[in-house]
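File shown: work03.txt. Contents: compact mmCIF, C-alpha atoms and all ligand atoms.
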# COMPACT_ATOMS: atom_id res chain seq x y z
CA MET A 1 -7.55 -6.14 -10.09
CA PRO A 2 -10.18 -7.58 -12.39
CA ASP A 3 -11.45 -10.94 -11.22
CA PRO A 4 -14.02 -12.72 -13.39
CA THR A 5 -15.05 -14.95 -10.48
CA THR A 6 -16.64 -12.03 -8.64
CA GLU A 7 -19.05 -9.36 -9.75
CA PRO A 8 -17.54 -5.95 -8.98
CA ALA A 9 -19.83 -3.84 -6.77
CA SER A 10 -19.36 -0.92 -9.14
CA PRO A 11 -18.25 -0.59 -12.76
CA ARG A 12 -14.52 -0.17 -13.17
CA SER A 13 -14.45 1.71 -16.42
CA GLY A 14 -16.14 4.96 -15.44
CA ILE A 15 -18.19 6.93 -13.00
CA ASP A 16 -21.14 4.96 -11.63
CA PRO A 17 -24.16 6.66 -13.22
CA GLY A 18 -26.41 5.56 -10.36
CA ALA A 19 -24.46 7.45 -7.73
CA ARG A 20 -25.50 10.88 -6.56
CA PRO A 21 -23.02 13.28 -4.98
CA GLY A 22 -23.65 15.56 -2.00
CA PRO A 23 -25.03 15.07 1.53
CA GLY A 24 -27.64 12.33 1.88
CA ARG A 25 -26.12 10.70 -1.23
CA ALA A 26 -26.86 7.24 -2.56
CA LEU A 27 -25.34 4.26 -0.78
CA THR A 28 -23.12 3.31 -3.73
CA PRO A 29 -20.64 6.15 -4.21
CA ALA A 30 -19.40 6.98 -7.69
CA ILE A 31 -15.99 5.52 -8.46
CA GLU A 32 -13.46 7.64 -10.31
CA VAL A 33 -11.31 5.40 -12.50
CA HIS A 34 -7.81 6.29 -13.66
CA LEU A 35 -6.64 2.71 -14.05
CA THR A 36 -8.72 0.88 -16.63
CA ASP A 37 -8.75 -2.87 -17.15
CA GLN A 38 -6.72 -2.32 -20.32
CA ASP A 39 -4.06 -0.23 -18.47
CA LEU A 40 -3.74 -2.93 -15.87
CA ARG A 41 -3.58 -5.65 -18.49
CA ASP A 42 -0.84 -3.81 -20.42
CA ALA A 43 1.16 -3.28 -17.22
CA LEU A 44 0.69 -6.92 -16.17
CA GLU A 45 1.96 -8.23 -19.51
CA ALA A 46 4.99 -5.92 -19.48
CA ASP A 47 5.86 -6.58 -15.81
CA VAL A 48 5.49 -10.36 -16.08
CA TYR A 49 7.53 -10.56 -19.26
CA GLU A 50 10.29 -8.37 -17.83
CA GLY A 51 10.28 -10.00 -14.39
CA LEU A 52 10.21 -13.63 -15.50
CA THR A 53 12.83 -13.29 -18.24
CA ALA A 54 15.28 -11.43 -15.94
CA PRO A 55 18.31 -13.37 -14.63
CA ALA A 56 16.96 -12.93 -11.06
CA LYS A 57 13.22 -13.51 -11.45
CA HIS A 58 10.92 -11.00 -9.77
CA LEU A 59 7.34 -9.68 -9.84
CA PRO A 60 5.91 -6.41 -8.46
CA PRO A 61 3.61 -6.79 -5.41
CA ILE A 62 0.68 -4.92 -6.99
CA TYR A 63 -0.57 -8.20 -8.56
CA PHE A 64 -1.23 -9.91 -5.22
CA TYR A 65 -4.38 -7.88 -4.76
CA ASP A 66 -7.16 -9.44 -6.78
CA ASP A 67 -10.32 -10.17 -4.81
CA ARG A 68 -8.87 -13.29 -3.17
CA GLY A 69 -5.52 -11.63 -2.47
CA SER A 70 -7.21 -8.67 -0.79
CA ARG A 71 -9.22 -11.07 1.39
CA LEU A 72 -6.04 -12.98 2.28
CA PHE A 73 -4.29 -9.74 3.21
CA ASP A 74 -7.24 -8.85 5.42
CA GLU A 75 -6.82 -12.25 7.13
CA ILE A 76 -3.10 -11.57 7.57
CA THR A 77 -3.87 -8.36 9.48
CA ARG A 78 -5.64 -10.45 12.14
CA LEU A 79 -2.91 -13.10 12.54
CA PRO A 80 -1.22 -13.29 15.95
CA GLU A 81 2.23 -13.02 14.32
CA TYR A 82 1.41 -10.01 12.13
CA TYR A 83 1.88 -7.08 14.54
CA PRO A 84 2.03 -4.05 12.11
CA THR A 85 -1.73 -3.54 11.75
CA ARG A 86 -2.38 -3.74 15.50
CA ALA A 87 0.60 -1.50 16.27
CA GLU A 88 -0.46 1.13 13.74
CA ARG A 89 -4.07 1.02 14.90
CA SER A 90 -2.96 1.59 18.50
CA ILE A 91 -0.98 4.69 17.45
CA LEU A 92 -4.03 5.99 15.58
CA GLU A 93 -6.30 5.33 18.54
CA ASN A 94 -3.93 7.16 20.89
CA HIS A 95 -3.06 10.07 18.64
CA ALA A 96 -5.71 10.60 15.95
CA LYS A 97 -7.05 13.63 17.84
CA ASP A 98 -3.61 15.21 17.76
CA ILE A 99 -3.14 14.32 14.08
CA ALA A 100 -6.54 15.83 13.23
CA ALA A 101 -5.77 19.01 15.18
CA ARG A 102 -2.49 19.46 13.34
CA ALA A 103 -3.80 18.61 9.87
CA ARG A 104 -7.23 20.33 10.07
CA ALA A 105 -8.02 18.58 6.81
CA THR A 106 -11.17 19.13 4.79
CA MET A 107 -10.23 16.14 2.64
CA LEU A 108 -8.63 12.83 3.67
CA ILE A 109 -6.99 11.02 0.74
CA GLU A 110 -5.83 7.49 1.56
CA LEU A 111 -3.38 5.80 -0.82
CA GLY A 112 -3.60 1.99 -1.00
CA ALA A 113 -6.65 2.17 1.26
CA GLY A 114 -7.75 -1.50 0.99
CA THR A 115 -10.69 -2.22 3.29
CA CYS A 116 -10.37 1.23 4.95
CA ASP A 117 -10.55 -0.38 8.42
CA LYS A 118 -8.10 1.97 10.13
CA SER A 119 -9.34 4.95 8.12
CA ARG A 120 -12.36 5.08 10.40
CA VAL A 121 -10.19 6.15 13.33
CA LEU A 122 -8.90 9.10 11.29
CA LEU A 123 -12.36 9.90 9.90
CA ASP A 124 -13.83 10.03 13.43
CA ALA A 125 -11.05 12.32 14.65
CA LEU A 126 -11.29 14.68 11.65
CA LEU A 127 -15.07 14.83 12.08
CA ALA A 128 -14.67 15.63 15.77
CA GLU A 129 -12.18 18.34 14.78
CA GLY A 130 -14.97 19.77 12.63
CA SER A 131 -12.93 20.09 9.44
CA LEU A 132 -13.70 16.99 7.34
CA GLU A 133 -15.92 17.14 4.25
CA ARG A 134 -14.59 14.48 1.92
CA PHE A 135 -12.87 11.08 2.02
CA VAL A 136 -10.98 9.83 -1.05
CA PRO A 137 -9.85 6.21 -0.68
CA LEU A 138 -7.56 5.19 -3.57
CA ASP A 139 -6.69 1.62 -4.47
CA VAL A 140 -5.90 -0.63 -7.42
CA SER A 141 -8.34 -3.27 -6.17
CA ASP A 142 -11.70 -2.11 -7.49
CA SER A 143 -13.97 -4.63 -5.76
CA THR A 144 -12.40 -4.10 -2.32
CA LEU A 145 -12.60 -0.35 -2.81
CA ALA A 146 -16.24 -0.44 -3.93
CA ALA A 147 -17.28 -2.57 -0.94
CA ALA A 148 -15.37 -0.34 1.50
CA ALA A 149 -16.80 2.85 -0.02
CA ALA A 150 -20.37 1.54 0.14
CA ALA A 151 -19.95 0.64 3.83
CA LEU A 152 -18.38 4.02 4.61
CA ALA A 153 -21.16 5.88 2.81
CA ARG A 154 -23.67 4.18 5.14
CA GLU A 155 -21.59 4.84 8.26
CA TYR A 156 -20.64 8.44 7.43
CA PRO A 157 -23.67 10.04 5.75
CA ASP A 158 -22.25 13.55 6.25
CA VAL A 159 -18.95 12.83 4.53
CA SER A 160 -18.66 12.81 0.74
CA ILE A 161 -17.07 9.43 -0.08
CA HIS A 162 -15.16 9.61 -3.35
CA PRO A 163 -13.37 6.31 -4.18
CA VAL A 164 -10.65 6.36 -6.84
CA VAL A 165 -9.27 3.35 -8.71
CA ALA A 166 -5.72 4.36 -9.56
CA ASP A 167 -2.06 3.44 -9.28
CA PHE A 168 -0.22 5.50 -6.68
CA HIS A 169 2.93 5.20 -8.80
CA ARG A 170 1.29 6.99 -11.73
CA HIS A 171 -1.81 8.96 -10.85
CA LEU A 172 -1.04 11.22 -7.90
CA HIS A 173 -1.32 14.34 -10.07
CA LEU A 174 -4.94 13.42 -10.88
CA LEU A 175 -6.26 13.46 -7.31
CA PRO A 176 -9.02 15.87 -6.23
CA GLU A 177 -7.72 19.30 -5.21
CA GLY A 178 -8.88 22.16 -3.01
CA GLY A 179 -9.24 22.87 0.69
CA THR A 180 -6.73 21.31 3.04
CA ARG A 181 -5.80 17.74 2.26
CA LEU A 182 -4.36 15.04 4.50
CA PHE A 183 -2.77 12.24 2.49
CA ALA A 184 -2.52 8.98 4.41
CA PHE A 185 -0.24 6.13 3.35
CA LEU A 186 -0.81 3.55 6.06
CA GLY A 187 0.05 -0.06 6.81
CA GLY A 188 3.73 0.22 5.97
CA THR A 189 2.93 -0.04 2.26
CA ILE A 190 5.73 2.45 1.50
CA GLY A 191 8.05 -0.36 2.62
CA ASN A 192 6.90 -2.42 -0.36
CA LEU A 193 8.65 0.12 -2.61
CA ASP A 194 12.40 -0.06 -3.24
CA PRO A 195 14.49 3.05 -2.38
CA GLU A 196 14.26 4.51 -5.87
CA GLU A 197 10.49 3.92 -6.12
CA ARG A 198 10.08 5.49 -2.67
CA TRP A 199 11.94 8.60 -3.68
CA THR A 200 9.97 8.94 -6.92
CA PHE A 201 6.70 8.36 -5.04
CA LEU A 202 7.55 10.99 -2.42
CA ALA A 203 8.67 13.49 -5.04
CA ASP A 204 5.48 12.94 -7.10
CA LEU A 205 3.35 13.38 -4.01
CA ARG A 206 5.33 16.47 -2.98
CA ALA A 207 4.71 17.94 -6.44
CA ALA A 208 0.96 17.34 -6.06
CA MET A 209 0.77 18.90 -2.58
CA ALA A 210 -0.26 22.47 -1.73
CA PRO A 211 1.58 24.23 1.14
CA GLN A 212 -1.28 23.62 3.60
CA ASP A 213 -1.53 19.87 2.82
CA ARG A 214 -0.02 17.21 5.08
CA VAL A 215 0.97 13.56 4.66
CA LEU A 216 0.75 10.81 7.28
CA ILE A 217 3.02 7.85 6.59
CA GLY A 218 3.03 4.51 8.42
CA THR A 219 6.36 2.69 8.56
CA ASP A 220 7.34 -0.58 10.17
CA LEU A 221 10.52 -0.27 12.23
CA VAL A 222 13.62 -2.47 12.38
CA LYS A 223 13.33 -5.01 15.19
CA ASP A 224 14.26 -8.50 16.29
CA ARG A 225 14.86 -10.69 13.25
CA SER A 226 12.75 -13.56 14.54
CA ASP A 227 9.67 -11.34 15.15
CA LEU A 228 10.05 -9.99 11.63
CA VAL A 229 10.37 -13.37 9.96
CA HIS A 230 7.44 -14.87 11.93
CA ALA A 231 5.22 -11.97 10.85
CA TYR A 232 5.79 -13.06 7.25
CA ASP A 233 5.77 -16.82 7.82
CA ASP A 234 2.76 -17.52 10.04
CA THR A 235 1.98 -20.97 11.36
CA ALA A 236 -1.51 -21.02 9.79
CA GLY A 237 0.06 -20.57 6.34
CA VAL A 238 -2.06 -17.55 5.36
CA THR A 239 0.95 -15.50 4.20
CA ALA A 240 2.12 -18.48 2.14
CA GLU A 241 -1.27 -18.57 0.39
CA PHE A 242 -1.12 -14.80 -0.13
CA ASN A 243 2.32 -15.21 -1.68
CA ARG A 244 1.23 -18.05 -3.99
CA ASN A 245 -1.87 -16.09 -4.96
CA VAL A 246 0.18 -14.10 -7.45
CA LEU A 247 0.68 -17.33 -9.43
CA ARG A 248 -3.10 -17.91 -9.48
CA VAL A 249 -3.54 -14.36 -10.80
CA LEU A 250 -1.08 -15.11 -13.62
CA ASN A 251 -2.87 -18.40 -14.38
CA ARG A 252 -6.21 -16.64 -14.68
CA GLU A 253 -5.18 -13.38 -16.34
CA LEU A 254 -2.46 -14.60 -18.70
CA ARG A 255 -3.50 -18.25 -19.14
CA ALA A 256 -0.36 -19.48 -17.41
CA ASP A 257 -0.08 -23.02 -16.06
CA PHE A 258 1.72 -22.52 -12.74
CA ASP A 259 1.08 -25.27 -10.19
CA PRO A 260 1.20 -23.10 -7.04
CA GLU A 261 1.73 -26.15 -4.83
CA THR A 262 5.15 -26.74 -6.43
CA PHE A 263 6.36 -23.38 -5.08
CA GLU A 264 7.40 -23.04 -1.44
CA HIS A 265 6.79 -19.83 0.47
CA VAL A 266 10.04 -18.21 1.65
CA ALA A 267 10.29 -15.21 4.00
CA LEU A 268 13.80 -14.08 4.81
CA TRP A 269 15.42 -11.09 6.50
CA ASN A 270 17.88 -9.25 4.25
CA GLU A 271 20.03 -7.48 6.83
CA GLU A 272 22.04 -5.45 4.34
CA ASP A 273 18.99 -3.90 2.69
CA SER A 274 16.95 -3.88 5.94
CA ARG A 275 14.00 -5.67 4.46
CA ILE A 276 11.94 -8.83 4.56
CA GLU A 277 11.91 -10.53 1.19
CA MET A 278 9.09 -12.84 0.19
CA ARG A 279 10.02 -15.33 -2.44
CA LEU A 280 8.53 -18.40 -4.09
CA ARG A 281 11.00 -21.28 -4.39
CA SER A 282 10.42 -23.91 -7.05
CA ALA A 283 10.47 -27.36 -5.44
CA VAL A 284 11.21 -29.08 -8.77
CA ASP A 285 12.78 -28.46 -12.16
CA GLN A 286 9.89 -27.22 -14.25
CA THR A 287 8.82 -25.18 -17.27
CA VAL A 288 5.77 -22.96 -17.00
CA HIS A 289 3.90 -21.88 -20.11
CA ILE A 290 2.31 -18.42 -20.19
CA ALA A 291 -0.04 -18.70 -23.15
CA ASP A 292 -0.99 -15.02 -23.51
CA LEU A 293 2.69 -14.02 -23.66
CA ASP A 294 3.66 -17.01 -25.78
CA LEU A 295 6.41 -17.53 -23.21
CA ASP A 296 8.01 -20.58 -21.58
CA VAL A 297 9.67 -19.90 -18.24
CA THR A 298 12.09 -22.45 -16.84
CA PHE A 299 12.64 -22.84 -13.10
CA ARG A 300 15.44 -24.97 -11.68
CA SER A 301 14.67 -26.85 -8.49
CA GLY A 302 15.48 -24.41 -5.65
CA GLU A 303 15.30 -21.34 -7.91
CA GLU A 304 13.52 -18.38 -6.31
CA LEU A 305 11.15 -15.75 -7.60
CA LEU A 306 11.16 -12.48 -5.59
CA THR A 307 7.53 -11.46 -5.07
CA GLU A 308 7.70 -8.70 -2.43
CA ILE A 309 10.07 -6.60 -0.37
CA SER A 310 8.90 -5.15 2.93
CA SER A 311 11.45 -2.61 4.12
CA LYS A 312 11.90 -1.84 7.81
CA PHE A 313 13.09 1.60 8.86
CA THR A 314 14.72 3.62 11.62
CA PRO A 315 13.19 6.91 12.82
CA THR A 316 16.31 8.78 11.74
CA GLY A 317 16.26 7.24 8.30
CA ILE A 318 12.61 8.22 7.84
CA GLU A 319 13.28 11.84 8.75
CA HIS A 320 16.35 11.98 6.55
CA GLU A 321 14.67 10.69 3.43
CA LEU A 322 11.60 12.84 3.93
CA ALA A 323 13.90 15.86 4.13
CA ALA A 324 15.69 14.80 0.95
CA ALA A 325 12.35 14.60 -0.91
CA GLY A 326 11.28 18.07 0.26
CA TYR A 327 9.30 17.38 3.47
CA GLY A 328 9.67 18.48 7.07
CA VAL A 329 8.49 16.26 9.94
CA VAL A 330 5.67 17.87 11.89
CA GLU A 331 5.50 15.10 14.47
CA ALA A 332 6.08 11.37 14.75
CA TRP A 333 4.45 8.83 17.06
CA ARG A 334 5.54 5.28 17.86
CA SER A 335 3.62 2.30 19.21
CA ASP A 336 4.20 1.22 22.83
CA GLY A 337 6.75 -1.44 21.92
CA ASP A 338 8.41 0.76 19.24
CA GLU A 339 7.25 -1.65 16.53
CA PHE A 340 5.79 0.94 14.20
CA GLN A 341 5.88 4.68 13.52
CA LEU A 342 3.41 7.18 12.09
CA THR A 343 5.01 10.35 10.75
CA LEU A 344 3.11 13.51 9.92
CA ALA A 345 5.01 15.64 7.39
CA ARG A 346 4.51 18.88 5.48
CA PRO A 347 5.91 20.06 2.15
CA LEU A 348 8.88 22.39 2.41
CA GLY A 349 9.78 25.16 -0.05
CA SER A 350 7.84 26.09 -3.14
CA HIS A 351 8.38 22.91 -5.16
CA ALA A 352 9.79 19.42 -4.88
CA PRO A 353 13.45 18.63 -5.66
CA ASP A 354 13.78 17.48 -9.25
CA ARG A 355 16.52 14.89 -9.02
CA ARG A 356 17.37 11.99 -6.78
CA PRO A 357 19.76 12.89 -4.00
CA PRO A 358 22.67 10.47 -3.58
CA ASP A 359 22.37 7.48 -1.29
CA THR A 360 19.37 8.17 0.93
CA GLY A 361 17.94 4.95 2.31
CA TRP A 362 15.15 5.26 4.85
CA HIS A 363 16.86 2.67 6.96
CA GLY A 364 20.13 4.64 7.05
CA ASN A 365 21.29 5.65 10.52
CA ILE A 366 22.25 9.22 9.83
CA GLY A 367 22.52 11.77 12.62
CA PRO A 368 20.89 11.70 16.06
CA GLU A 369 17.45 10.21 16.71
CA PRO A 370 14.74 12.86 16.23
CA GLU A 371 12.33 13.84 19.01
CA VAL A 372 9.37 11.46 18.91
CA ALA A 373 6.20 11.95 20.93
CA GLY A 374 5.67 9.11 23.40
CA PRO A 375 2.69 6.75 23.19
N1 LIG C 401 -3.79 0.56 3.85
C1 LIG C 401 -4.37 -0.73 4.20
C2 LIG C 401 -4.10 -1.81 3.13
C3 LIG C 401 -2.64 -2.20 2.97
S1 LIG C 401 -2.46 -3.53 1.80
C4 LIG C 401 -3.84 -1.16 5.54
O1 LIG C 401 -3.05 -0.42 6.13
O2 LIG C 401 -4.24 -2.22 6.03
C5 LIG C 401 -1.82 -2.63 0.42
C6 LIG C 401 -2.96 -2.01 -0.38
O3 LIG C 401 -2.36 -1.21 -1.41
C7 LIG C 401 -3.84 -3.04 -1.09
O4 LIG C 401 -5.17 -2.72 -0.87
C8 LIG C 401 -3.43 -2.93 -2.56
O5 LIG C 401 -4.51 -3.22 -3.44
C9 LIG C 401 -2.99 -1.49 -2.65
N2 LIG C 401 -1.97 -1.25 -3.68
C10 LIG C 401 -0.84 -1.95 -3.92
N3 LIG C 401 -0.14 -1.38 -4.92
C11 LIG C 401 -0.85 -0.30 -5.32
C12 LIG C 401 -0.65 0.71 -6.31
N4 LIG C 401 0.45 0.68 -7.08
N5 LIG C 401 -1.58 1.68 -6.44
C13 LIG C 401 -2.69 1.69 -5.65
N6 LIG C 401 -2.94 0.77 -4.70
C14 LIG C 401 -2.03 -0.21 -4.53
C1 LIG C 402 0.80 -4.15 2.46
N1 LIG C 402 2.11 -4.40 3.04
C2 LIG C 402 2.54 -3.29 3.91
C3 LIG C 402 2.24 -5.70 3.69
C4 LIG C 402 3.64 -5.83 4.34
O1 LIG C 402 3.69 -6.15 5.52
O2 LIG C 402 4.64 -5.58 3.64
C5 LIG C 402 2.00 -6.84 2.73
C6 LIG C 402 2.25 -8.18 3.32
N2 LIG C 402 2.98 -9.12 2.79
C7 LIG C 402 3.00 -10.18 3.57
N3 LIG C 402 2.30 -9.93 4.64
C8 LIG C 402 1.79 -8.69 4.52
Can you present the structure in this file as structure tokens?
Amino acid sequence: MPDPTTEPASPRSGIDPGARPGPGRALTPAIEVHLTDQDLRDALEADVYEGLTAPAKHLPPIYFYDDRGSRLFDEITRLPEYYPTRAERSILENHAKDIAARARATMLIELGAGTCDKSRVLLDALLAEGSLERFVPLDVSDSTLAAAAAALAREYPDVSIHPVVADFHRHLHLLPEGGTRLFAFLGGTIGNLDPEERWTFLADLRAAMAPQDRVLIGTDLVKDRSDLVHAYDDTAGVTAEFNRNVLRVLNRELRADFDPETFEHVALWNEEDSRIEMRLRSAVDQTVHIADLDLDVTFRSGEELLTEISSKFTPTGIEHELAAAGYGVVEAWRSDGDEFQLTLARPLGSHAPDRRPPDTGWHGNIGPEPEVAGP
């Protein structure tokens, strides 16, 4: 997201003219931009107006990730309570060779790549496999992406690094084509989508995939409620700051006058929908003015604003919903303590299904548990 307090490492609104493609390329890779500042601004205005005038107030999680929000998320991944990053990394470290052998990808495309920390494990394995030519990290956060791409270009001089600023809800059909592609959607970010968004995302991706392409999806698994809640309510208060950061984004981008300190961080387990919900609870009766929308928003003391869902899945549910969206599971791997799963899937049939199948939640317990490779 645009952040006037920091100078982006690369221009957002077009291809960096200083970058040179090909082996031995310049250290600042060209950035392909499908999400301009104006697009993001239009979406922000529409989402904030809709979400804050709804009877149950809500905001989409995409707006957490300005420069500060991306840094806070990076801090979260190192917290003792936040197990998903460590669990996913351990699966990658144990099985990246196997993933690379099965995918044989010439191009790795990572959706919601962030700092690309874990991508390196996949890049190393695909290089060792001898197939990799190009890495395409995609993210909405331009400054994080630019910094990650510059570092990767230095570390992997033989790989063409091609960063893309885009929205994975809208721009999957615009991704680079050709060769054999491995799409990676790591971190459990698919859990931040509600069931309908997930199905649309999977169907859009399926439509963009060629028969030889594969997708690797990271999903957090259902587990003990207290471990889940602690992961989203750490003692150092980093997740609380990450949660409140969305209010700072609204203050800066839309000239709102939220006082973030008057909103308490809430992380609760919604058993019925199998998801953690992050909310911000107003500690007082208050009215917030959003100047750029010419909007006053009233909060009663105790009223909550839903800022993020983080769905937790079962292996069976994952397989079932992938099948419903036109994918077959190639193989799935779980972390030692069964906290997290990585699933490698391939497109089935000649094209994706064109309408939503009834009632397919990823957390549904339908049918027997599938075979999962051990750690
Ligand atoms: N994949 C990394 C980062 C996860 S954090 C990991 O596993 O650690 C989620 C990332 O998705 C952030 O970098 C955020 O900027 C990005 N993101 C969120 N919504 C997005 C969207 N709609 N389109 C593209 N990127 C998005
Ligand atoms: C990016 N995403 C998978 C994180 C999650 O766990 O849902 C975002 C996050 N929110 C709070 N902590 C981490």
Report the centre and edge lengths, in Å to one decimal, of an axis-aligned box enclosing every atom of range 253-258 of chain A listed in the file, padded by 6 Å on each side, as AutoDock Vina command-line options.
--center_x -1.7 --center_y -18.2 --center_z -15.9 --size_x 18.9 --size_y 21.6 --size_z 18.4
From A:Thr200, A:Thr307, A:Ser141, A:Ser226, residue lying nearest Val165 in chain A [all atoms listed in the file]: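 Ranked by minimum distance to Val165 in chain A, first place goes to A:Ser141.
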Which residues of chain A come within 6 Å of ligand LIG 401 (chain C), and what is each one's closest atom pair and distance in Å (one decimal), counting only C-alpha atoms and all ligand atoms, sorted by chain and residue number, as a Markdown table?
| residue | atom | partner | partner_atom | distance |
| --- | --- | --- | --- | --- |
| A:Ile62 | CA | C:LIG401 | N3 | 4.2 |
| A:Tyr65 | CA | C:LIG401 | O5 | 4.8 |
| A:Gly112 | CA | C:LIG401 | O3 | 3.5 |
| A:Ala113 | CA | C:LIG401 | N1 | 4.2 |
| A:Gly114 | CA | C:LIG401 | O4 | 3.4 |
| A:Asp139 | CA | C:LIG401 | N6 | 3.9 |
| A:Val140 | CA | C:LIG401 | N6 | 4.3 |
| A:Ser141 | CA | C:LIG401 | O5 | 4.7 |
| A:Ala166 | CA | C:LIG401 | C13 | 5.6 |
| A:Asp167 | CA | C:LIG401 | N5 | 3.4 |
| A:Phe168 | CA | C:LIG401 | N5 | 4.1 |
| A:His169 | CA | C:LIG401 | N4 | 5.4 |
| A:Leu186 | CA | C:LIG401 | O1 | 4.6 |
| A:Gly187 | CA | C:LIG401 | O1 | 3.2 |
| A:Thr189 | CA | C:LIG401 | C5 | 5.7 |
Selected residues, C-alpha atoms, written as an mmCIF file, in the coordinates of the input, please.
data_model
loop_
_atom_site.group_PDB
_atom_site.id
_atom_site.type_symbol
_atom_site.label_atom_id
_atom_site.label_comp_id
_atom_site.auth_asym_id
_atom_site.auth_seq_id
_atom_site.Cartn_x
_atom_site.Cartn_y
_atom_site.Cartn_z
ATOM 1 C CA ILE A 62 0.680 -4.920 -6.990
ATOM 2 C CA TYR A 65 -4.380 -7.880 -4.760
ATOM 3 C CA GLY A 112 -3.600 1.990 -1.000
ATOM 4 C CA ALA A 113 -6.650 2.170 1.260
ATOM 5 C CA GLY A 114 -7.750 -1.500 0.990
ATOM 6 C CA ASP A 139 -6.690 1.620 -4.470
ATOM 7 C CA VAL A 140 -5.900 -0.630 -7.420
ATOM 8 C CA SER A 141 -8.340 -3.270 -6.170
ATOM 9 C CA ALA A 166 -5.720 4.360 -9.560
ATOM 10 C CA ASP A 167 -2.060 3.440 -9.280
ATOM 11 C CA PHE A 168 -0.220 5.500 -6.680
ATOM 12 C CA HIS A 169 2.930 5.200 -8.800
ATOM 13 C CA LEU A 186 -0.810 3.550 6.060
ATOM 14 C CA GLY A 187 0.050 -0.060 6.810
ATOM 15 C CA THR A 189 2.930 -0.040 2.260
#
Could you tell me which of A:Thr235, A:Thr77, A:Thr28, A:Thr144 comes closest to ligand LIG 402 (chain C) if we count all atoms listed in the file?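 Checking each of A:Thr235, A:Thr77, A:Thr28, A:Thr144 against ligand LIG 402 (chain C), counting all atoms listed in the file, the winner is A:Thr77.
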Within 9 Å of ligand LIG 402 (chain C) (counting all atoms listed in the file), which residues show up? I'd like them as JSON, numbers by chain. {"A": [61, 73, 76, 77, 82, 84, 85, 112, 186, 187, 188, 189, 190, 191, 192, 219, 220, 231, 232, 233, 238, 239, 240, 242, 243, 267, 276, 278, 308, 309, 310, 311]}
Which is closer to Thr180 in chain A than all the others in A:Arg300, A:Arg78, A:Lys223, A:Arg346, using all atoms listed in the file?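 Smallest separation from Thr180 in chain A among the options: A:Arg346.
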Residue rebuild result range 44-56 of chain A, N, CA and C atoms as an mmCIF file, in the frame of the given file:
data_model
loop_
_atom_site.group_PDB
_atom_site.id
_atom_site.type_symbol
_atom_site.label_atom_id
_atom_site.label_comp_id
_atom_site.auth_asym_id
_atom_site.auth_seq_id
_atom_site.Cartn_x
_atom_site.Cartn_y
_atom_site.Cartn_z
ATOM 1 N N LEU A 44 0.466 -5.532 -16.595
ATOM 2 C CA LEU A 44 0.690 -6.920 -16.170
ATOM 3 C C LEU A 44 1.551 -7.663 -17.193
ATOM 4 N N GLU A 45 1.196 -7.532 -18.452
ATOM 5 C CA GLU A 45 1.960 -8.230 -19.510
ATOM 6 C C GLU A 45 3.420 -7.777 -19.498
ATOM 7 N N ALA A 46 3.622 -6.460 -19.427
ATOM 8 C CA ALA A 46 4.990 -5.920 -19.480
ATOM 9 C C ALA A 46 5.784 -6.352 -18.237
ATOM 10 N N ASP A 47 5.157 -6.246 -17.064
ATOM 11 C CA ASP A 47 5.860 -6.580 -15.810
ATOM 12 C C ASP A 47 6.188 -8.072 -15.743
ATOM 13 N N VAL A 48 5.258 -8.916 -16.184
ATOM 14 C CA VAL A 48 5.490 -10.360 -16.080
ATOM 15 C C VAL A 48 6.566 -10.775 -17.085
ATOM 16 N N TYR A 49 6.511 -10.213 -18.266
ATOM 17 C CA TYR A 49 7.530 -10.560 -19.260
ATOM 18 C C TYR A 49 8.909 -10.136 -18.750
ATOM 19 N N GLU A 50 8.996 -8.889 -18.291
ATOM 20 C CA GLU A 50 10.290 -8.370 -17.830
ATOM 21 C C GLU A 50 10.785 -9.160 -16.610
ATOM 22 N N GLY A 51 9.879 -9.380 -15.653
ATOM 23 C CA GLY A 51 10.280 -10.000 -14.390
ATOM 24 C C GLY A 51 10.636 -11.481 -14.517
ATOM 25 N N LEU A 52 9.961 -12.188 -15.417
ATOM 26 C CA LEU A 52 10.210 -13.630 -15.500
ATOM 27 C C LEU A 52 11.254 -13.999 -16.553
ATOM 28 N N THR A 53 11.712 -13.015 -17.319
ATOM 29 C CA THR A 53 12.830 -13.290 -18.240
ATOM 30 C C THR A 53 14.136 -12.699 -17.702
ATOM 31 N N ALA A 54 14.063 -12.009 -16.541
ATOM 32 C CA ALA A 54 15.280 -11.430 -15.940
ATOM 33 C C ALA A 54 16.135 -12.552 -15.336
ATOM 34 N N PRO A 55 17.444 -12.329 -15.224
ATOM 35 C CA PRO A 55 18.310 -13.370 -14.630
ATOM 36 C C PRO A 55 17.879 -13.703 -13.190
ATOM 37 N N ALA A 56 17.514 -12.681 -12.403
ATOM 38 C CA ALA A 56 16.960 -12.930 -11.060
ATOM 39 C C ALA A 56 15.466 -12.634 -11.155
#
